[in-house]
Amino acid sequence: MCKNKTAMKRKEFINALSGGLAATCVSCLVAACSKEESGGGNITPNPGLGVNSITINLDSELKAINDFVAKNSVIVIRKASGNTPASFLAVSSVCPHAGATVEFKSAQSTFSCAAHGSTFAADGALTQGPATKGLTKLTVEVTGATLSVKV
């Protein structure tokens, strides 16, 4: 048997434990719902993204205007005919408000974030918050029938 003069009673232990858990849960909820802003306005790319974060074969993908590919936190949309960089738009699919994934709605040619309701125009410009800026535009390069997006 343990001879501890400062033994805590069961009720005191449970009260102390539940108070600590409640404080932890509240701080996690606040962090998850808080608005995180970066001073530079740039996204932090996913660790797996390199200089050429996405490569697309234009012989098999993005053949028609408004076709799009979404992968590796990047959305690429064909805006015009021809295989020149100006024929495509590439944006980060990371919402600038809280980092949720933005989706492209091809029927409306708009972007939307289901997490908090931000919407963006066909060029990635902000149309409705809570985001305070548009989507980050990325550099498109086309070599022959291969499109690469620089992050």
# chains A, B, ... in the order shown; residues from 1 in each chain; ligands from 1
call {"tool": "closest_atom_pairs", "arguments": {"of": "region 90-119 of chain A", "to": "region 64-76 of chain A", "cutoff": "8 Å", "atoms": "only C-alpha atoms", "output": "CSV"}}
result
residue,atom,partner,partner_atom,distance
A:Ala90,CA,A:Val76,CA,4.3
A:Val91,CA,A:Ile75,CA,5.4
A:Ser92,CA,A:Val74,CA,4.6
A:Ser93,CA,A:Ser73,CA,5.0
A:Val94,CA,A:Ser73,CA,6.4
A:Thr101,CA,A:Ser73,CA,7.7
A:Phe104,CA,A:Ile75,CA,7.6
A:Ser106,CA,A:Asn66,CA,6.3
A:Ser109,CA,A:Asn66,CA,7.4
call {"tool": "write_last_selection", "arguments": {"atoms": "C-alpha atoms", "output": "mmCIF file, in the first residue's frame"}}
result
data_model
loop_
_atom_site.group_PDB
_atom_site.id
_atom_site.type_symbol
_atom_site.label_atom_id
_atom_site.label_comp_id
_atom_site.auth_asym_id
_atom_site.auth_seq_id
_atom_site.Cartn_x
_atom_site.Cartn_y
_atom_site.Cartn_z
ATOM 1 C CA ALA A 90 -3.707 27.477 -63.121
ATOM 2 C CA VAL A 91 -4.600 28.372 -59.537
ATOM 3 C CA SER A 92 -3.962 26.924 -56.119
ATOM 4 C CA SER A 93 -6.961 24.964 -54.859
ATOM 5 C CA VAL A 94 -6.139 26.084 -51.309
ATOM 6 C CA THR A 101 -9.946 22.871 -50.739
ATOM 7 C CA PHE A 104 -14.084 24.511 -59.777
ATOM 8 C CA SER A 106 -17.343 24.216 -64.700
ATOM 9 C CA SER A 109 -17.037 28.866 -64.563
#
call {"tool": "closest_residue", "arguments": {"among": "A:Ile77, A:Leu62, A:Ile56, A:Ala131", "to": "Thr119 (chain A)", "atoms": "only C-alpha atoms"}}
result
A:Ala131
call {"tool": "closest_residue", "arguments": {"among": "A:Thr139, A:Thr55, A:Ser148, A:Thr110", "to": "Asp123 (chain A)", "atoms": "only C-alpha atoms"}}
result
A:Thr110
call {"tool": "atom_distance", "arguments": {"atom1": "CA of Gly99 (chain A)", "atom2": "CA of Phe120 (chain A)"}}
result
14.5 Å
call {"tool": "atom_distance", "arguments": {"atom1": "CA of Ser60 (chain A)", "atom2": "CA of Gly82 (chain A)"}}
result
14.1 Å
call {"tool": "residues_around", "arguments": {"residues": "Glu141 (chain A)", "least_positions_apart": "3", "cutoff": "10 Å", "atoms": "only C-alpha atoms", "output": "mmCIF file with C-alpha atoms, in the first residue's frame"}}
result
data_model
loop_
_atom_site.group_PDB
_atom_site.id
_atom_site.type_symbol
_atom_site.label_atom_id
_atom_site.label_comp_id
_atom_site.auth_asym_id
_atom_site.auth_seq_id
_atom_site.Cartn_x
_atom_site.Cartn_y
_atom_site.Cartn_z
ATOM 1 C CA ASN A 52 6.921 21.195 -61.646
ATOM 2 C CA THR A 55 2.241 17.769 -65.536
ATOM 3 C CA ASN A 83 -1.556 24.983 -76.656
ATOM 4 C CA THR A 84 0.017 28.186 -75.385
ATOM 5 C CA PRO A 85 0.322 29.211 -71.730
ATOM 6 C CA ALA A 86 -2.270 31.969 -72.312
ATOM 7 C CA PHE A 88 -4.807 27.961 -69.599
ATOM 8 C CA LEU A 138 0.371 29.746 -60.759
ATOM 9 C CA GLY A 144 4.838 20.509 -77.192
ATOM 10 C CA THR A 146 2.996 18.741 -72.186
ATOM 11 C CA LEU A 147 1.690 21.355 -69.785
ATOM 12 C CA SER A 148 3.558 21.954 -66.518
ATOM 13 C CA VAL A 149 2.506 24.154 -63.627
ATOM 14 C CA LYS A 150 5.152 25.882 -61.549
#
call {"tool": "closest_residue", "arguments": {"among": "A:Lys11, A:Val140, A:Val151, A:Gly124", "to": "Ser87 (chain A)", "atoms": "only C-alpha atoms"}}
result
A:Val140
call {"tool": "decode", "arguments": {"residues": "region 50-101 of chain A", "atoms": "C-alpha atoms", "output": "mmCIF file, in the first residue's frame"}}
result
data_model
loop_
_atom_site.group_PDB
_atom_site.id
_atom_site.type_symbol
_atom_site.label_atom_id
_atom_site.label_comp_id
_atom_site.auth_asym_id
_atom_site.auth_seq_id
_atom_site.Cartn_x
_atom_site.Cartn_y
_atom_site.Cartn_z
ATOM 1 C CA GLY A 50 8.320 20.312 -56.525
ATOM 2 C CA VAL A 51 9.185 22.933 -59.100
ATOM 3 C CA ASN A 52 6.921 21.195 -61.646
ATOM 4 C CA SER A 53 4.078 20.323 -59.327
ATOM 5 C CA ILE A 54 1.728 19.053 -62.010
ATOM 6 C CA THR A 55 2.241 17.769 -65.536
ATOM 7 C CA ILE A 56 -0.604 17.219 -68.011
ATOM 8 C CA ASN A 57 -0.566 15.494 -71.394
ATOM 9 C CA LEU A 58 -2.565 17.844 -73.637
ATOM 10 C CA ASP A 59 -3.119 15.062 -76.190
ATOM 11 C CA SER A 60 -5.403 13.291 -73.704
ATOM 12 C CA GLU A 61 -6.540 15.944 -71.182
ATOM 13 C CA LEU A 62 -7.856 19.507 -71.288
ATOM 14 C CA LYS A 63 -8.969 19.147 -74.902
ATOM 15 C CA ALA A 64 -12.089 21.382 -74.767
ATOM 16 C CA ILE A 65 -12.552 24.896 -73.440
ATOM 17 C CA ASN A 66 -13.569 24.824 -69.748
ATOM 18 C CA ASP A 67 -12.155 21.310 -69.232
ATOM 19 C CA PHE A 68 -10.191 21.176 -65.999
ATOM 20 C CA VAL A 69 -7.841 18.994 -63.996
ATOM 21 C CA ALA A 70 -7.597 19.225 -60.199
ATOM 22 C CA LYS A 71 -4.737 17.449 -58.419
ATOM 23 C CA ASN A 72 -1.812 18.139 -56.073
ATOM 24 C CA SER A 73 -3.548 21.281 -54.701
ATOM 25 C CA VAL A 74 -3.667 22.789 -58.209
ATOM 26 C CA ILE A 75 -6.588 23.415 -60.594
ATOM 27 C CA VAL A 76 -5.779 23.865 -64.301
ATOM 28 C CA ILE A 77 -8.517 25.048 -66.702
ATOM 29 C CA ARG A 78 -8.450 25.403 -70.484
ATOM 30 C CA LYS A 79 -9.685 28.952 -71.235
ATOM 31 C CA ALA A 80 -9.045 29.083 -74.993
ATOM 32 C CA SER A 81 -8.034 26.913 -77.926
ATOM 33 C CA GLY A 82 -4.372 26.369 -78.741
ATOM 34 C CA ASN A 83 -1.556 24.983 -76.656
ATOM 35 C CA THR A 84 0.017 28.186 -75.385
ATOM 36 C CA PRO A 85 0.322 29.211 -71.730
ATOM 37 C CA ALA A 86 -2.270 31.969 -72.312
ATOM 38 C CA SER A 87 -4.846 29.263 -73.174
ATOM 39 C CA PHE A 88 -4.807 27.961 -69.599
ATOM 40 C CA LEU A 89 -5.381 29.184 -66.073
ATOM 41 C CA ALA A 90 -3.707 27.477 -63.121
ATOM 42 C CA VAL A 91 -4.600 28.372 -59.537
ATOM 43 C CA SER A 92 -3.962 26.924 -56.119
ATOM 44 C CA SER A 93 -6.961 24.964 -54.859
ATOM 45 C CA VAL A 94 -6.139 26.084 -51.309
ATOM 46 C CA CYS A 95 -8.675 28.670 -50.097
ATOM 47 C CA PRO A 96 -6.878 31.808 -48.870
ATOM 48 C CA HIS A 97 -9.333 32.104 -45.962
ATOM 49 C CA ALA A 98 -8.626 28.971 -43.939
ATOM 50 C CA GLY A 99 -6.844 26.505 -46.203
ATOM 51 C CA ALA A 100 -9.792 24.313 -47.225
ATOM 52 C CA THR A 101 -9.946 22.871 -50.739
#
